[in-house]
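Shown here: entry.csv, CSV, C-alpha atoms and all ligand atoms.
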chain,number,residue,atom,x,y,z
A,1396,MET,CA,12.8,3.0,-21.8
A,1397,ALA,CA,10.0,0.5,-21.8
A,1398,ALA,CA,6.6,2.1,-21.5
A,1399,HIS,CA,4.6,1.1,-18.3
A,1400,ALA,CA,2.2,-1.1,-20.2
A,1401,ARG,CA,2.6,-4.3,-18.2
A,1402,ILE,CA,4.9,-6.2,-15.9
A,1403,ALA,CA,7.1,-9.1,-16.9
A,1404,LEU,CA,8.6,-11.8,-14.7
A,1405,ASP,CA,12.0,-13.3,-15.2
A,1406,ALA,CA,11.2,-16.6,-13.5
A,1407,ALA,CA,14.8,-17.7,-13.5
A,1408,ALA,CA,15.8,-14.6,-11.5
A,1409,CYS,CA,13.0,-14.9,-9.0
A,1410,THR,CA,14.0,-16.4,-5.6
A,1411,SER,CA,10.4,-16.6,-4.3
A,1412,CYS,CA,11.4,-14.1,-1.5
A,1413,MET,CA,7.7,-13.0,-1.3
A,1414,LEU,CA,8.6,-9.3,-1.0
A,1415,CYS,CA,6.5,-8.3,-4.1
A,1416,VAL,CA,3.6,-10.4,-2.9
A,1417,ARG,CA,3.7,-8.7,0.6
A,1418,GLU,CA,4.2,-5.2,-0.7
A,1419,CYS,CA,1.5,-5.1,-3.4
A,1420,PRO,CA,-1.2,-2.8,-2.2
A,1421,THR,CA,-4.0,-4.5,-4.1
A,1422,TRP,CA,-2.9,-8.1,-3.1
A,1423,CYS,CA,-3.0,-9.1,-6.8
A,1424,ILE,CA,0.3,-11.2,-6.8
A,1425,THR,CA,0.2,-14.8,-5.7
A,1426,LEU,CA,3.1,-17.1,-5.6
A,1427,THR,CA,3.7,-20.7,-4.6
A,1428,ALA,CA,7.1,-22.2,-4.1
A,1429,HIS,CA,8.8,-25.1,-2.3
A,1430,GLN,CA,12.2,-25.7,-0.9
A,1431,GLU,CA,14.7,-28.2,-2.2
A,1432,SER,CA,18.0,-29.3,-0.7
A,1433,VAL,CA,21.1,-28.7,-2.7
A,1434,GLY,CA,24.7,-29.7,-2.3
A,1435,ASP,CA,26.1,-32.5,-0.2
A,1436,PRO,CA,23.2,-34.4,1.4
A,1437,GLY,CA,25.6,-35.5,4.2
A,1438,ALA,CA,26.6,-31.9,5.1
A,1439,ARG,CA,26.0,-31.0,8.8
A,1440,ARG,CA,23.9,-28.0,7.8
A,1441,PRO,CA,21.4,-28.6,5.0
A,1442,ARG,CA,21.4,-26.0,2.3
A,1443,THR,CA,18.1,-25.3,0.6
A,1444,VAL,CA,16.9,-23.1,-2.2
A,1445,ASN,CA,13.4,-21.9,-3.0
A,1446,VAL,CA,11.9,-23.3,-6.2
A,1447,LEU,CA,9.2,-21.2,-7.8
A,1448,ASP,CA,6.1,-23.3,-8.8
A,1449,ALA,CA,3.6,-20.7,-9.8
A,1450,PHE,CA,3.5,-16.9,-10.0
A,1451,THR,CA,0.3,-15.0,-10.9
A,1452,ILE,CA,-0.6,-11.3,-11.4
A,1453,ASP,CA,-4.3,-10.5,-11.6
A,1454,TRP,CA,-4.5,-7.6,-14.1
A,1455,GLY,CA,-8.1,-7.1,-13.1
A,1456,LEU,CA,-6.8,-5.9,-9.7
A,1457,CYS,CA,-3.3,-4.4,-10.6
A,1458,MET,CA,-3.2,-0.7,-10.6
A,1459,TYR,CA,0.2,-0.5,-12.3
A,1460,CYS,CA,1.8,1.3,-9.4
A,1461,GLY,CA,5.2,-0.3,-9.9
A,1462,ILE,CA,5.8,-1.0,-6.2
A,1463,CYS,CA,6.5,-4.7,-7.0
A,1464,VAL,CA,9.1,-3.7,-9.7
A,1465,GLU,CA,10.8,-1.3,-7.2
A,1466,VAL,CA,10.9,-3.7,-4.3
A,1467,CYS,CA,12.2,-6.8,-6.1
A,1468,PRO,CA,15.8,-7.2,-4.9
A,1469,PHE,CA,16.7,-9.5,-7.9
A,1470,ASP,CA,15.3,-7.4,-10.8
A,1471,ALA,CA,13.0,-10.3,-11.6
A,1472,LEU,CA,10.2,-7.9,-12.4
A,1473,GLY,CA,10.3,-5.2,-15.0
A,1474,TRP,CA,8.1,-3.1,-17.2
A,1475,ARG,CA,7.2,-4.0,-20.8
A,1476,SER,CA,5.7,-1.9,-23.6
A,1477,ASP,CA,3.2,-4.4,-24.9
A,1478,PRO,CA,-0.1,-3.9,-23.0
A,1479,VAL,CA,-2.2,-6.7,-21.4
A,1480,GLY,CA,-4.8,-7.9,-23.9
A,1481,PRO,CA,-8.5,-8.1,-23.2
A,1482,ALA,CA,-10.2,-11.2,-21.7
A,1483,SER,CA,-13.7,-12.5,-21.9
A,1484,ALA,CA,-13.8,-13.5,-18.2
A,1485,PRO,CA,-12.0,-12.3,-15.1
A,1486,GLU,CA,-9.9,-15.5,-14.9
A,1487,GLY,CA,-8.4,-14.6,-18.3
A,1488,LEU,CA,-6.8,-11.6,-16.6
A,1489,ARG,CA,-4.8,-13.8,-14.2
A,1490,HIS,CA,-1.5,-14.3,-15.9
A,1491,GLY,CA,1.0,-16.9,-14.9
A,1492,ILE,CA,4.7,-17.5,-15.5
A,1493,THR,CA,4.2,-18.2,-19.2
A,1494,GLU,CA,2.1,-15.1,-19.9
A,1495,LEU,CA,4.3,-12.9,-17.8
A,1496,ARG,CA,7.4,-13.6,-19.8
B,1046,MET,CA,10.3,23.3,-11.4
B,1047,ARG,CA,11.1,24.7,-8.0
B,1048,CYS,CA,8.9,23.4,-5.1
B,1049,ASP,CA,8.7,25.2,-1.8
B,1050,GLU,CA,7.2,23.6,1.3
B,1051,LEU,CA,5.3,25.7,3.7
B,1052,ALA,CA,4.0,24.4,7.1
B,1053,VAL,CA,1.4,26.7,8.6
B,1054,ALA,CA,-0.9,26.7,11.6
B,1055,ALA,CA,-4.5,25.7,10.9
B,1056,THR,CA,-5.6,29.2,11.7
B,1057,SER,CA,-3.5,30.7,8.9
B,1058,TRP,CA,-4.4,28.0,6.3
B,1059,ARG,CA,-6.9,30.0,4.4
B,1060,ALA,CA,-4.9,33.3,4.5
B,1061,THR,CA,-1.8,31.5,3.3
B,1062,CYS,CA,-3.6,29.9,0.4
B,1063,ALA,CA,-5.2,33.2,-0.5
B,1064,GLU,CA,-1.9,35.0,-0.4
B,1065,LEU,CA,-0.2,32.4,-2.6
B,1066,ALA,CA,-3.1,32.5,-5.1
B,1067,ALA,CA,-2.9,36.3,-5.3
B,1068,ASP,CA,0.8,35.9,-5.8
B,1069,GLY,CA,0.3,33.7,-8.9
B,1070,ALA,CA,0.0,30.1,-7.6
B,1071,ARG,CA,-3.6,29.9,-8.7
B,1072,MET,CA,-3.7,26.4,-10.0
B,1073,LEU,CA,-4.7,23.9,-7.3
B,1074,ASP,CA,-3.1,20.6,-8.3
B,1075,PHE,CA,-4.5,18.6,-5.4
B,1076,LEU,CA,-5.7,19.0,-1.8
B,1077,THR,CA,-5.7,15.9,0.3
B,1078,CYS,CA,-5.0,14.5,3.8
B,1079,VAL,CA,-2.8,12.1,5.6
B,1080,ASP,CA,-4.1,10.3,8.7
B,1081,GLU,CA,-1.6,10.1,11.5
B,1082,PRO,CA,-3.4,8.2,14.3
B,1083,ALA,CA,-0.3,7.8,16.4
B,1084,ASP,CA,0.0,11.6,16.6
B,1085,ALA,CA,-3.8,12.0,17.0
B,1086,ARG,CA,-3.8,14.4,14.0
B,1087,ILE,CA,-4.7,14.7,10.4
B,1088,GLU,CA,-2.3,16.5,8.0
B,1089,VAL,CA,-4.0,18.5,5.3
B,1090,LEU,CA,-1.9,19.3,2.1
B,1091,ALA,CA,-2.5,21.6,-0.8
B,1092,HIS,CA,-0.3,21.7,-3.8
B,1093,LEU,CA,-0.4,25.0,-5.7
B,1094,VAL,CA,1.2,25.7,-9.0
B,1095,ASP,CA,2.2,29.0,-10.4
B,1096,VAL,CA,2.4,28.0,-14.1
B,1097,PRO,CA,3.8,31.2,-15.7
B,1098,GLY,CA,6.2,31.7,-12.7
B,1099,ARG,CA,7.3,28.0,-12.9
B,1100,ARG,CA,6.9,27.5,-9.2
B,1101,ARG,CA,5.2,25.0,-7.0
B,1102,VAL,CA,4.2,25.3,-3.3
B,1103,LEU,CA,3.2,22.5,-1.0
B,1104,VAL,CA,1.2,24.0,1.9
B,1105,ARG,CA,0.7,21.7,4.9
B,1106,THR,CA,-1.2,22.0,8.1
B,1107,THR,CA,-2.5,19.7,10.8
B,1108,VAL,CA,-5.9,19.4,12.5
B,1109,ASP,CA,-7.0,17.5,15.6
B,1110,ARG,CA,-8.0,14.0,14.6
B,1111,ALA,CA,-10.9,13.9,17.1
B,1112,ASP,CA,-12.4,17.2,15.9
B,1113,PRO,CA,-10.9,17.9,12.5
B,1114,GLU,CA,-12.0,21.3,11.3
B,1115,LEU,CA,-10.4,23.7,8.8
B,1116,ASP,CA,-11.4,26.8,6.9
B,1117,SER,CA,-12.4,26.1,3.4
B,1118,VAL,CA,-10.4,27.7,0.6
B,1119,VAL,CA,-13.1,27.6,-2.1
B,1120,ASP,CA,-13.5,31.3,-2.2
B,1121,VAL,CA,-9.9,31.8,-3.1
B,1122,LEU,CA,-9.3,28.6,-5.1
B,1123,PRO,CA,-12.7,27.5,-6.5
B,1124,GLY,CA,-11.2,24.2,-7.7
B,1125,ALA,CA,-10.8,23.1,-4.1
B,1126,ALA,CA,-14.5,22.5,-3.8
B,1127,TRP,CA,-14.4,18.9,-5.1
B,1128,HIS,CA,-11.1,18.1,-3.3
B,1129,GLU,CA,-12.5,19.3,0.1
B,1130,ARG,CA,-15.7,17.3,-0.5
B,1131,GLU,CA,-13.6,14.2,-1.1
B,1132,ALA,CA,-11.3,14.9,1.9
B,1133,HIS,CA,-14.4,15.3,4.0
B,1134,GLU,CA,-15.8,12.0,2.9
B,1135,MET,CA,-12.5,10.0,3.1
B,1136,PHE,CA,-11.0,11.6,6.3
B,1137,GLY,CA,-13.8,13.3,8.0
B,1138,VAL,CA,-12.3,16.8,7.9
B,1139,ARG,CA,-15.0,19.5,8.1
B,1140,PHE,CA,-14.2,22.4,5.8
B,1141,THR,CA,-16.1,25.4,7.1
B,1142,GLY,CA,-17.4,27.6,4.4
B,1143,ASN,CA,-17.6,24.9,1.7
B,1144,PRO,CA,-21.4,24.8,0.9
B,1145,ASP,CA,-21.4,21.2,-0.5
B,1146,LEU,CA,-19.7,18.5,1.5
B,1147,ARG,CA,-22.1,15.6,0.3
B,1148,PRO,CA,-20.3,12.3,0.0
B,1149,LEU,CA,-19.1,11.3,-3.5
B,1150,LEU,CA,-18.9,7.5,-3.2
B,1151,THR,CA,-20.0,6.1,0.1
B,1152,THR,CA,-23.2,6.3,2.1
B,1153,GLY,CA,-21.3,7.3,5.2
B,1154,ALA,CA,-22.2,4.1,7.0
B,1155,MET,CA,-18.7,2.7,7.0
B,1156,GLY,CA,-17.1,5.8,8.4
B,1157,HIS,CA,-14.2,7.5,6.7
B,1158,PRO,CA,-12.4,4.9,4.6
B,1159,LEU,CA,-9.0,6.5,4.3
B,1160,ARG,CA,-8.6,6.8,8.0
B,1161,ARG,CA,-6.1,4.1,8.9
B,1162,THR,CA,-8.3,2.8,11.7
B,1163,THR,CA,-11.5,2.4,9.7
B,1164,PRO,CA,-12.1,-1.4,9.2
B,1165,LEU,CA,-12.0,-2.6,5.6
B,1166,PRO,CA,-14.3,-5.6,5.6
B,1167,SER,CA,-13.0,-7.1,2.3
B,1168,ARG,CA,-9.4,-6.9,3.6
B,1169,VAL,CA,-10.6,-9.0,6.6
B,1170,GLN,CA,-12.4,-11.5,4.4
B,1171,THR,CA,-9.9,-11.9,1.6
B,1172,PRO,CA,-7.0,-14.3,2.3
B,1173,TRP,CA,-3.7,-12.3,2.2
B,1174,PRO,CA,-1.5,-13.8,-0.5
B,1175,GLY,CA,1.6,-12.8,1.5
B,1176,ALA,CA,0.8,-15.2,4.3
B,1177,SER,CA,2.3,-18.2,2.5
B,1178,ASP,CA,6.0,-18.9,3.1
B,1179,PRO,CA,8.2,-21.1,1.0
B,1180,ALA,CA,10.4,-21.7,4.1
B,1181,GLU,CA,7.5,-23.2,6.0
B,1182,ARG,CA,8.3,-26.4,7.9
B,1183,PRO,CA,9.0,-29.1,5.2
B,1184,PRO,CA,7.1,-32.4,5.4
B,1185,GLU,CA,10.0,-34.2,7.1
B,1186,GLY,CA,13.1,-33.2,8.9
B,1187,PRO,CA,13.8,-30.1,11.0
B,1188,PRO,CA,12.5,-26.7,9.9
B,1189,VAL,CA,15.0,-25.0,7.7
B,1190,ARG,CA,15.4,-21.4,6.6
B,1191,PRO,CA,17.0,-20.1,3.3
B,1192,GLY,CA,20.7,-19.9,4.0
B,1193,GLY,CA,20.7,-23.3,5.8
B,1194,ARG,CA,20.2,-22.2,9.4
B,1195,VAL,CA,18.0,-24.6,11.3
B,1196,ALA,CA,15.1,-22.6,12.7
B,1197,ALA,CA,14.3,-23.2,16.3
B,1198,ARG,CA,10.6,-23.0,15.7
B,1199,PRO,CA,8.3,-22.0,12.8
B,1200,ARG,CA,8.4,-18.3,12.1
B,1201,SER,CA,5.7,-16.2,13.6
B,1202,ARG,CA,2.8,-15.5,11.2
B,1203,LEU,CA,3.2,-12.3,9.2
B,1204,ALA,CA,0.3,-10.0,9.2
B,1205,PRO,CA,-0.9,-8.0,6.2
B,1206,PRO,CA,0.1,-4.3,6.4
B,1207,GLY,CA,-2.6,-1.9,7.3
B,1208,VAL,CA,-5.0,-4.6,8.5
B,1209,LEU,CA,-5.4,-4.0,12.2
B,1210,PRO,CA,-5.7,-7.1,14.5
B,1211,GLU,CA,-8.9,-5.8,16.1
B,1212,TRP,CA,-10.7,-5.9,12.8
B,1213,THR,CA,-10.6,-9.7,12.9
B,1214,PRO,CA,-13.2,-11.3,15.1
B,1215,ALA,CA,-11.5,-13.4,17.7
B,1216,THR,CA,-13.1,-16.8,16.8
B,1217,GLU,CA,-9.9,-18.8,16.1
B,1218,GLY,CA,-8.5,-18.6,19.6
B,1219,PRO,CA,-5.0,-17.3,20.3
B,1220,ARG,CA,-2.7,-17.3,17.3
B,1221,GLY,CA,0.8,-18.9,17.4
B,1222,ALA,CA,0.9,-20.0,21.0
B,1223,GLU,CA,4.3,-18.9,22.1
B,1224,GLY,CA,6.7,-21.1,23.9
B,1225,THR,CA,5.1,-24.5,23.0
B,1226,PRO,CA,8.1,-25.9,21.2
B,1227,GLY,CA,10.6,-27.0,23.8
B,1228,ALA,CA,8.1,-26.7,26.6
B,1229,GLU,CA,7.6,-30.5,26.8
B,1230,GLY,CA,10.5,-32.4,28.3
B,1231,SER,CA,11.8,-29.5,30.3
B,1232,THR,CA,11.7,-31.5,33.5
C,1501,LIG,S1,2.1,-2.8,-10.1
C,1501,LIG,FE1,1.4,-2.4,-8.0
C,1501,LIG,S2,-0.7,-3.3,-8.0
C,1501,LIG,FE2,0.3,-4.2,-9.8
C,1501,LIG,S3,1.2,-6.1,-9.1
C,1501,LIG,FE3,2.8,-4.5,-8.9
C,1501,LIG,S4,2.6,-3.8,-6.7
C,1501,LIG,FE4,0.7,-4.9,-7.3
C,1502,LIG,S1,10.3,-9.7,-5.2
C,1502,LIG,FE1,11.3,-10.5,-7.0
C,1502,LIG,S2,12.5,-12.3,-6.3
C,1502,LIG,FE2,11.0,-11.8,-4.7
C,1502,LIG,S3,9.3,-13.1,-5.1
C,1502,LIG,FE3,8.9,-11.1,-6.1
C,1502,LIG,S4,9.6,-11.4,-8.2
C,1502,LIG,FE4,10.5,-13.1,-7.0
Can the structure from this file be put into structure tokens for me?
Ligand code: SF4
Ligand code: SF4
Amino acid sequence: MAAHARIALDAAACTSCMLCVRECPTWCITLTAHQESVGDPGARRPRTVNVLDAFTIDWGLCMYCGICVEVCPFDALGWRSDPVGPASAPEGLRHGITELR
Amino acid sequence: MRCDELAVAATSWRATCAELAADGARMLDFLTCVDEPADARIEVLAHLVDVPGRRRVLVRTTVDRADPELDSVVDVLPGAAWHEREAHEMFGVRFTGNPDLRPLLTTGAMGHPLRRTTPLPSRVQTPWPGASDPAERPPEGPPVRPGGRVAARPRSRLAPPGVLPEWTPATEGPRGAEGTPGAEGST
């Protein structure tokens, strides 16, 4: 079992459903996404999917409660054993999709 | 480890804790409160552990939210002193018999921060990240929702949990005027 050292995001599994963002008690997750139409453009009902643009966890605010991991319906968030490294400024603790892999 | 739960009247709170401590459950793991404004009460909880006996007991009682007062258990569980002090600061419960209920963190000016109705200024000032919605009306075309259903109107704004509407100063006018879509052209 992975130690609870940090949280990783599987961006391909994330559907931008916003559940983790809305449940996080410290408001430290931000997410931006847009919608794209998929399938037959002539279909009577347009079908759209959410496309994730950015996902950030601010480790300066996160309290490692794990609520976001629990609440994600698509298992896109999970614990990892390698801890978050130090940063020389608060902005350095805001990790995006690349750092959260 | 076995855990028993014991709900007692506020008048038997101290006696129950004393009895449990005498019976071996002498380690106070925590003492805290849960604010229940809808029921006009505050629940007080103490978690006692009997280490050699491998037994845990969660004692709970309720006090009146408007006048929360409870007997202190410091004489039977000395470790409760700090917990009662914290519960007094955060929830406003007066523990009679505890000689030191000075606040630990706050000046007392903002009220009792862990009561659900106490306004939290930074929660009002900080934009809630959950307010954005990928399914918001796209630049052109009718509004759509995931799953393809055409939404009749943009969704109502979600509010951040725990932030009460009355904390926000009413400077922006009424939010999300209901019934405007479709109102025009009704004649
Ligand atoms: S672990 Fe808790 S505090 Fe950290 S991002 Fe997840 S929900 Fe927020
Ligand atoms: S709960 Fe999971 S799927 Fe939904 S936005 Fe968060 S990470 Fe993505």
*Identify all chain A residues at most 6 Å from chain B by counting all atoms listed in the file; ligands do not count. Present them as a ChimeraX atom specification.*
/A:1416-1417,1425,1428-1429,1441-1443
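If only C-alpha atoms are the atoms counted, then among A:Pro1481, A:Tyr1459, A:His1490, A:Val1466 the closest residue to His1399 in chain A is A:Tyr1459.
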*Shell around range 1135-1138 of chain B at 7 Å using all atoms listed in the file, local window under 3 positions removed, as a VMD selection string*: chain B and resid 1113 to 1114 1131 to 1132 1157 to 1160
*Give as a count of residues only the residues surrounding ligand LIG 1501 (chain C) up to a distance of 10 Å, considering all atoms listed in the file.*
34
Hey, could you make a per-residue contact list for chain A against ligand LIG 1502 (chain C) with 6 Å as the cut-off, showing the nearest pair of atoms and its distance in Å to one decimal, counting only C-alpha atoms and all ligand atoms, sorted by chain and number, as JSON lines?
{"residue": "A:Cys1409", "atom": "CA", "partner": "C:LIG1502", "partner_atom": "FE4", "distance": 3.7}
{"residue": "A:Thr1410", "atom": "CA", "partner": "C:LIG1502", "partner_atom": "S2", "distance": 4.4}
{"residue": "A:Ser1411", "atom": "CA", "partner": "C:LIG1502", "partner_atom": "S3", "distance": 3.8}
{"residue": "A:Cys1412", "atom": "CA", "partner": "C:LIG1502", "partner_atom": "FE2", "distance": 4.0}
{"residue": "A:Met1413", "atom": "CA", "partner": "C:LIG1502", "partner_atom": "S3", "distance": 4.1}
{"residue": "A:Leu1414", "atom": "CA", "partner": "C:LIG1502", "partner_atom": "S1", "distance": 4.5}
{"residue": "A:Cys1415", "atom": "CA", "partner": "C:LIG1502", "partner_atom": "FE3", "distance": 4.2}
{"residue": "A:Cys1467", "atom": "CA", "partner": "C:LIG1502", "partner_atom": "S1", "distance": 3.6}
{"residue": "A:Pro1468", "atom": "CA", "partner": "C:LIG1502", "partner_atom": "FE1", "distance": 6.0}
{"residue": "A:Phe1469", "atom": "CA", "partner": "C:LIG1502", "partner_atom": "S2", "distance": 5.3}
{"residue": "A:Ala1471", "atom": "CA", "partner": "C:LIG1502", "partner_atom": "FE1", "distance": 4.9}
{"residue": "A:Leu1472", "atom": "CA", "partner": "C:LIG1502", "partner_atom": "S4", "distance": 5.5}
*Rounded to one decimal place, report the CA of Pro1485 in chain A-CA of Leu1149 in chain B distance in Å.*
27.2 Å
*asked:* What does the structure give for the distance between CA of Gly1142 in chain B and CA of Gly1069 in chain B, in Å to one decimal?
replied: 23.0 Å
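What separates CA of Met1072 in chain B from CA of Asp1095 in chain B is a distance of 6.5 Å.
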*Write out as a ChimeraX atom specification each polymer residue whose atoms come within 9 Å of Ala1398 in chain A, counting only C-alpha atoms; drop sequence neighbours fewer than 5 positions from it.*
/A:1474-1477
Find the residues around His1128 in chain B up to 12 Å (all atoms listed in the file counted), leave out those fewer than 3 positions away in its own chain, and share them as a PDB file with C-alpha atoms, in the coordinates of the input.
ATOM      1  CA  LEU B1073      -4.700  23.900  -7.300  1.00  0.00           C
ATOM      2  CA  ASP B1074      -3.100  20.600  -8.300  1.00  0.00           C
ATOM      3  CA  PHE B1075      -4.500  18.600  -5.400  1.00  0.00           C
ATOM      4  CA  LEU B1076      -5.700  19.000  -1.800  1.00  0.00           C
ATOM      5  CA  THR B1077      -5.700  15.900   0.300  1.00  0.00           C
ATOM      6  CA  CYS B1078      -5.000  14.500   3.800  1.00  0.00           C
ATOM      7  CA  VAL B1089      -4.000  18.500   5.300  1.00  0.00           C
ATOM      8  CA  LEU B1090      -1.900  19.300   2.100  1.00  0.00           C
ATOM      9  CA  ALA B1091      -2.500  21.600  -0.800  1.00  0.00           C
ATOM     10  CA  HIS B1092      -0.300  21.700  -3.800  1.00  0.00           C
ATOM     11  CA  SER B1117     -12.400  26.100   3.400  1.00  0.00           C
ATOM     12  CA  VAL B1118     -10.400  27.700   0.600  1.00  0.00           C
ATOM     13  CA  VAL B1119     -13.100  27.600  -2.100  1.00  0.00           C
ATOM     14  CA  LEU B1122      -9.300  28.600  -5.100  1.00  0.00           C
ATOM     15  CA  PRO B1123     -12.700  27.500  -6.500  1.00  0.00           C
ATOM     16  CA  GLY B1124     -11.200  24.200  -7.700  1.00  0.00           C
ATOM     17  CA  ALA B1125     -10.800  23.100  -4.100  1.00  0.00           C
ATOM     18  CA  GLU B1131     -13.600  14.200  -1.100  1.00  0.00           C
ATOM     19  CA  ALA B1132     -11.300  14.900   1.900  1.00  0.00           C
ATOM     20  CA  HIS B1133     -14.400  15.300   4.000  1.00  0.00           C
ATOM     21  CA  GLU B1134     -15.800  12.000   2.900  1.00  0.00           C
ATOM     22  CA  MET B1135     -12.500  10.000   3.100  1.00  0.00           C
ATOM     23  CA  PHE B1136     -11.000  11.600   6.300  1.00  0.00           C
ATOM     24  CA  VAL B1138     -12.300  16.800   7.900  1.00  0.00           C
ATOM     25  CA  PHE B1140     -14.200  22.400   5.800  1.00  0.00           C
ATOM     26  CA  ASN B1143     -17.600  24.900   1.700  1.00  0.00           C
ATOM     27  CA  ASP B1145     -21.400  21.200  -0.500  1.00  0.00           C
ATOM     28  CA  LEU B1146     -19.700  18.500   1.500  1.00  0.00           C
ATOM     29  CA  ARG B1147     -22.100  15.600   0.300  1.00  0.00           C
ATOM     30  CA  PRO B1148     -20.300  12.300   0.000  1.00  0.00           C
ATOM     31  CA  LEU B1149     -19.100  11.300  -3.500  1.00  0.00           C
TER      32      LEU B1149
END
*Using only C-alpha atoms, which residues sit within 7 Å of Arg1100 in chain B once same-chain residues fewer than 4 positions away are excluded, as a ChimeraX atom specification?*
/B:1046-1048,1094-1096
*asked:* Given only C-alpha atoms as the basis, pick out the residue of B:Thr1151, B:Thr1061, B:Thr1056, B:Thr1213 nearest to Val1102 in chain B.
replied: B:Thr1061
When you get a chance, write out all heavy atoms for range 1416-1422 of chain A, as a PDB file, in the coordinates of the input.
ATOM      1  N   VAL A1416       4.896  -9.896  -3.291  1.00  0.00           N
ATOM      2  CA  VAL A1416       3.600 -10.400  -2.900  1.00  0.00           C
ATOM      3  C   VAL A1416       3.108  -9.581  -1.646  1.00  0.00           C
ATOM      4  O   VAL A1416       1.955  -9.151  -1.551  1.00  0.00           O
ATOM      5  CB  VAL A1416       3.606 -11.867  -2.574  1.00  0.00           C
ATOM      6  CG1 VAL A1416       2.239 -12.370  -2.144  1.00  0.00           C
ATOM      7  CG2 VAL A1416       4.113 -12.644  -3.768  1.00  0.00           C
ATOM      8  N   ARG A1417       4.033  -9.384  -0.704  1.00  0.00           N
ATOM      9  CA  ARG A1417       3.700  -8.700   0.600  1.00  0.00           C
ATOM     10  C   ARG A1417       3.547  -7.226   0.429  1.00  0.00           C
ATOM     11  O   ARG A1417       2.843  -6.586   1.205  1.00  0.00           O
ATOM     12  CB  ARG A1417       4.675  -9.103   1.643  1.00  0.00           C
ATOM     13  CG  ARG A1417       4.508 -10.564   2.008  1.00  0.00           C
ATOM     14  CD  ARG A1417       5.496 -11.044   3.047  1.00  0.00           C
ATOM     15  NE  ARG A1417       5.253 -12.477   3.250  1.00  0.00           N
ATOM     16  CZ  ARG A1417       6.190 -13.358   3.538  1.00  0.00           C
ATOM     17  NH1 ARG A1417       7.443 -12.971   3.677  1.00  0.00           N
ATOM     18  NH2 ARG A1417       5.878 -14.614   3.704  1.00  0.00           N
ATOM     19  N   GLU A1418       4.243  -6.631  -0.539  1.00  0.00           N
ATOM     20  CA  GLU A1418       4.200  -5.200  -0.700  1.00  0.00           C
ATOM     21  C   GLU A1418       3.055  -4.715  -1.589  1.00  0.00           C
ATOM     22  O   GLU A1418       2.660  -3.558  -1.531  1.00  0.00           O
ATOM     23  CB  GLU A1418       5.516  -4.654  -1.243  1.00  0.00           C
ATOM     24  CG  GLU A1418       6.692  -4.775  -0.278  1.00  0.00           C
ATOM     25  CD  GLU A1418       6.533  -3.901   0.953  1.00  0.00           C
ATOM     26  OE1 GLU A1418       6.010  -2.786   0.841  1.00  0.00           O
ATOM     27  OE2 GLU A1418       6.916  -4.355   2.047  1.00  0.00           O
ATOM     28  N   CYS A1419       2.560  -5.555  -2.458  1.00  0.00           N
ATOM     29  CA  CYS A1419       1.500  -5.100  -3.400  1.00  0.00           C
ATOM     30  C   CYS A1419       0.299  -4.604  -2.699  1.00  0.00           C
ATOM     31  O   CYS A1419      -0.326  -5.316  -1.919  1.00  0.00           O
ATOM     32  CB  CYS A1419       1.135  -6.318  -4.313  1.00  0.00           C
ATOM     33  SG  CYS A1419      -0.266  -5.918  -5.377  1.00  0.00           S
ATOM     34  N   PRO A1420      -0.073  -3.351  -2.942  1.00  0.00           N
ATOM     35  CA  PRO A1420      -1.200  -2.800  -2.200  1.00  0.00           C
ATOM     36  C   PRO A1420      -2.544  -3.379  -2.560  1.00  0.00           C
ATOM     37  O   PRO A1420      -3.477  -3.280  -1.772  1.00  0.00           O
ATOM     38  CB  PRO A1420      -1.175  -1.285  -2.627  1.00  0.00           C
ATOM     39  CG  PRO A1420       0.080  -1.076  -3.394  1.00  0.00           C
ATOM     40  CD  PRO A1420       0.545  -2.404  -3.877  1.00  0.00           C
ATOM     41  N   THR A1421      -2.667  -3.977  -3.740  1.00  0.00           N
ATOM     42  CA  THR A1421      -4.000  -4.500  -4.100  1.00  0.00           C
ATOM     43  C   THR A1421      -4.039  -6.047  -3.915  1.00  0.00           C
ATOM     44  O   THR A1421      -5.045  -6.658  -4.264  1.00  0.00           O
ATOM     45  CB  THR A1421      -4.310  -4.217  -5.589  1.00  0.00           C
ATOM     46  OG1 THR A1421      -3.403  -4.921  -6.425  1.00  0.00           O
ATOM     47  CG2 THR A1421      -4.223  -2.740  -5.886  1.00  0.00           C
ATOM     48  N   TRP A1422      -2.974  -6.660  -3.370  1.00  0.00           N
ATOM     49  CA  TRP A1422      -2.900  -8.100  -3.100  1.00  0.00           C
ATOM     50  C   TRP A1422      -3.158  -8.884  -4.384  1.00  0.00           C
ATOM     51  O   TRP A1422      -3.846  -9.918  -4.385  1.00  0.00           O
ATOM     52  CB  TRP A1422      -3.976  -8.507  -2.065  1.00  0.00           C
ATOM     53  CG  TRP A1422      -3.836  -7.856  -0.728  1.00  0.00           C
ATOM     54  CD1 TRP A1422      -3.001  -6.846  -0.368  1.00  0.00           C
ATOM     55  CD2 TRP A1422      -4.555  -8.195   0.478  1.00  0.00           C
ATOM     56  NE1 TRP A1422      -3.148  -6.520   0.951  1.00  0.00           N
ATOM     57  CE2 TRP A1422      -4.107  -7.333   1.489  1.00  0.00           C
ATOM     58  CE3 TRP A1422      -5.527  -9.127   0.785  1.00  0.00           C
ATOM     59  CZ2 TRP A1422      -4.604  -7.385   2.793  1.00  0.00           C
ATOM     60  CZ3 TRP A1422      -6.023  -9.172   2.075  1.00  0.00           C
ATOM     61  CH2 TRP A1422      -5.569  -8.314   3.076  1.00  0.00           C
TER      62      TRP A1422
END
